[in-house]
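Q: Submitted below is the structure of interest, expressed as structure tokens.
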Amino acid sequence: MAKYRKLSRTSDQRKALLRNQVTALLYYGKIETTEAKAKEIRKIAEGIIATGIKEKDNYELVKVQAKVARKDKDGKRVKEVVDGKKVTVYDVVEKEIKKDKPSRLHARRQMLKTLVPVVSVPTEAAGKKRGTKEIDMVAKVYDELAPKYAGRNGGYTRIIKVGPRKGDAAMMVIIELV
């Protein structure tokens, strides 16, 4: 018996399809797909969420100092003349950041092998590069999904049958996070 479904695709096409669909499931919360794909997506998504739960609190808070350019009311950098040259003025700011411990860092990198980058485009910036922002999916798993499912032992997804697809009668399902 095979360990996975081939989905009538080559290995690189299959991996790309599953990576995209797992990312979409974790980003949107539910997607509609065929039953065979949903069963494969479920395996990967539940593994990612389980890893996130295991490593969600495995970090330490570290205080760091950063130099940040001072800005005026228009958002432009403030410059002053020093020795006949214009130099940007910097302020020292203290920040508290989360520093991953080694096992959480490894888990983060394992998740990044599966999850693809998601770019959020607001409706007013449609068709433009400016105003878009990249969503950190691993941070979403750690900060939103892991605390939500912390008390649950598996079973983070649900598959609901919708009915056959019109063109080829393939069974369509909705896979969603519980």
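Please note that chains go A, B, ... in the order of the structure tokens, that every chain numbers its residues from 1, and that ligands are numbered from 1 in the order shown.
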Can you tell me, as JSON, numbers by chain, what residues are no more than 9 Å from Val121 (chain A) when counting only C-alpha atoms, ignoring any on the same chain fewer than 5 positions away?

A: {"A": [126, 127, 128, 129, 131, 132, 133, 134]}

Q: From region 81-144 of chain A, collect each residue whose DSSP state is helix (DSSP H, G or I) and return the set as number ranges by chain.

A: A: 102-114, 123-125, 137-144

Q: Quick one: everything within 12 Å of Ala139 (chain A), counting only C-alpha atoms, minus sequence neighbours fewer than 4 positions away in the same chain. Send it as an NGL selection string.

A: :A and (26-27 or 49 or 52 or 55-56 or 98 or 100 or 104-105 or 107-109 or 111-112 or 115 or 117 or 134-135 or 143-147)

Q: Keeping C-alpha atoms for every residue in the selection just given, could you write it to a file as a PDB file, in the first residue's frame?

A:
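The new file selection_19.pdb reads:
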ATOM      1  CA  LEU A  26      -4.073  27.733   7.078  1.00  0.00           C
ATOM      2  CA  TYR A  27      -4.504  31.292   5.750  1.00  0.00           C
ATOM      3  CA  ILE A  49      -0.350  22.584  13.559  1.00  0.00           C
ATOM      4  CA  GLY A  52       3.228  24.687  16.208  1.00  0.00           C
ATOM      5  CA  GLU A  55       6.879  24.706  20.074  1.00  0.00           C
ATOM      6  CA  LYS A  56       4.538  27.676  20.676  1.00  0.00           C
ATOM      7  CA  LYS A  98      11.196  36.900  20.725  1.00  0.00           C
ATOM      8  CA  ASP A 100      13.565  31.247  19.152  1.00  0.00           C
ATOM      9  CA  ARG A 104      11.569  26.123  17.762  1.00  0.00           C
ATOM     10  CA  LEU A 105      13.933  27.485  15.110  1.00  0.00           C
ATOM     11  CA  ALA A 107      10.425  23.641  13.649  1.00  0.00           C
ATOM     12  CA  ARG A 108      10.086  27.059  11.979  1.00  0.00           C
ATOM     13  CA  ARG A 109      12.425  25.997   9.177  1.00  0.00           C
ATOM     14  CA  MET A 111       7.295  24.620   8.376  1.00  0.00           C
ATOM     15  CA  LEU A 112       8.884  27.002   5.882  1.00  0.00           C
ATOM     16  CA  LEU A 115       4.373  26.841   3.546  1.00  0.00           C
ATOM     17  CA  PRO A 117       4.810  33.095   1.113  1.00  0.00           C
ATOM     18  CA  GLU A 134       3.846  39.670   3.084  1.00  0.00           C
ATOM     19  CA  ILE A 135       2.172  37.545   5.770  1.00  0.00           C
ATOM     20  CA  ASP A 143       0.495  33.042  17.445  1.00  0.00           C
ATOM     21  CA  GLU A 144      -3.058  32.232  16.279  1.00  0.00           C
ATOM     22  CA  LEU A 145      -3.523  28.544  15.501  1.00  0.00           C
ATOM     23  CA  ALA A 146      -1.354  26.917  18.199  1.00  0.00           C
ATOM     24  CA  PRO A 147      -3.064  28.656  21.168  1.00  0.00           C
TER      25      PRO A 147
END

Q: Counting only C-alpha atoms, what is within 8 Å of region 173-177 of chain A, bar same-chain residues fewer than 2 positions away, as a list in words?

A: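 Selected residues are Leu25, Leu26, Gly29, Lys30, Ile31, Glu32, Thr33, Thr34, Glu35, Ala38, Arg42, Tyr156, Thr157, Arg158, Ile159, Ile160, Lys161, Val162, Gly163 and Met171 of chain A.
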
Q: When you draw a straight line from CA of Tyr59 (chain A) to CA of Lys99 (chain A), how long is it in Å?

A: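 Rounded to one decimal, the two atoms are 5.5 Å apart.
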
Q: Could you check the closest approach to Val89 (chain A) for each of A:Lys67, A:Pro102, A:Ser8, A:Ala150 and tell me which residue wins, using only C-alpha atoms?

A: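 Of A:Lys67, A:Pro102, A:Ser8, A:Ala150, the one nearest Val89 (chain A) is A:Lys67, counting only C-alpha atoms.
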
Q: Step one, run DSSP on the backbone; step two, keep only residues of chain A assigned to strand (DSSP E); then write them as a ChimeraX atom specification.

A: /A:30-34,59-69,79-82,85-88,90-100,118-120,133-135,157-164,171-177

Q: Quick one, how far is CA of Asp12 (chain A) from CA of Asp168 (chain A)?

A: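 Computing it gives 24.3 Å between the two atoms.
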
Q: A:Ile97, A:Val138, A:Val64, A:Ala16: which is nearest Ile48 (chain A), counting only C-alpha atoms?

A: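 Looking at the shortest contact to Ile48 (chain A), the residue is A:Val138.
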
Q: Given only C-alpha atoms as the basis, pick out the residue of A:Thr114, A:Ala170, A:Lys140, A:Asp83 nearest to Lys37 (chain A).

A: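 For Lys37 (chain A), the nearest of the given residues is A:Ala170.
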
Q: Between CA of Gly84 (chain A) and CA of Arg70 (chain A), what is the distance in Å, rounded to a tenth?

A: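 Spanning CA of Gly84 (chain A) to CA of Arg70 (chain A) is a straight-line distance of 19.9 Å.
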
Q: When distances are computed from only C-alpha atoms, which of A:Thr51, A:Ser11, A:Thr88, A:Thr23 shows the smallest separation from Gln110 (chain A)?

A: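 Of all the options, A:Thr51 lies closest to Gln110 (chain A).
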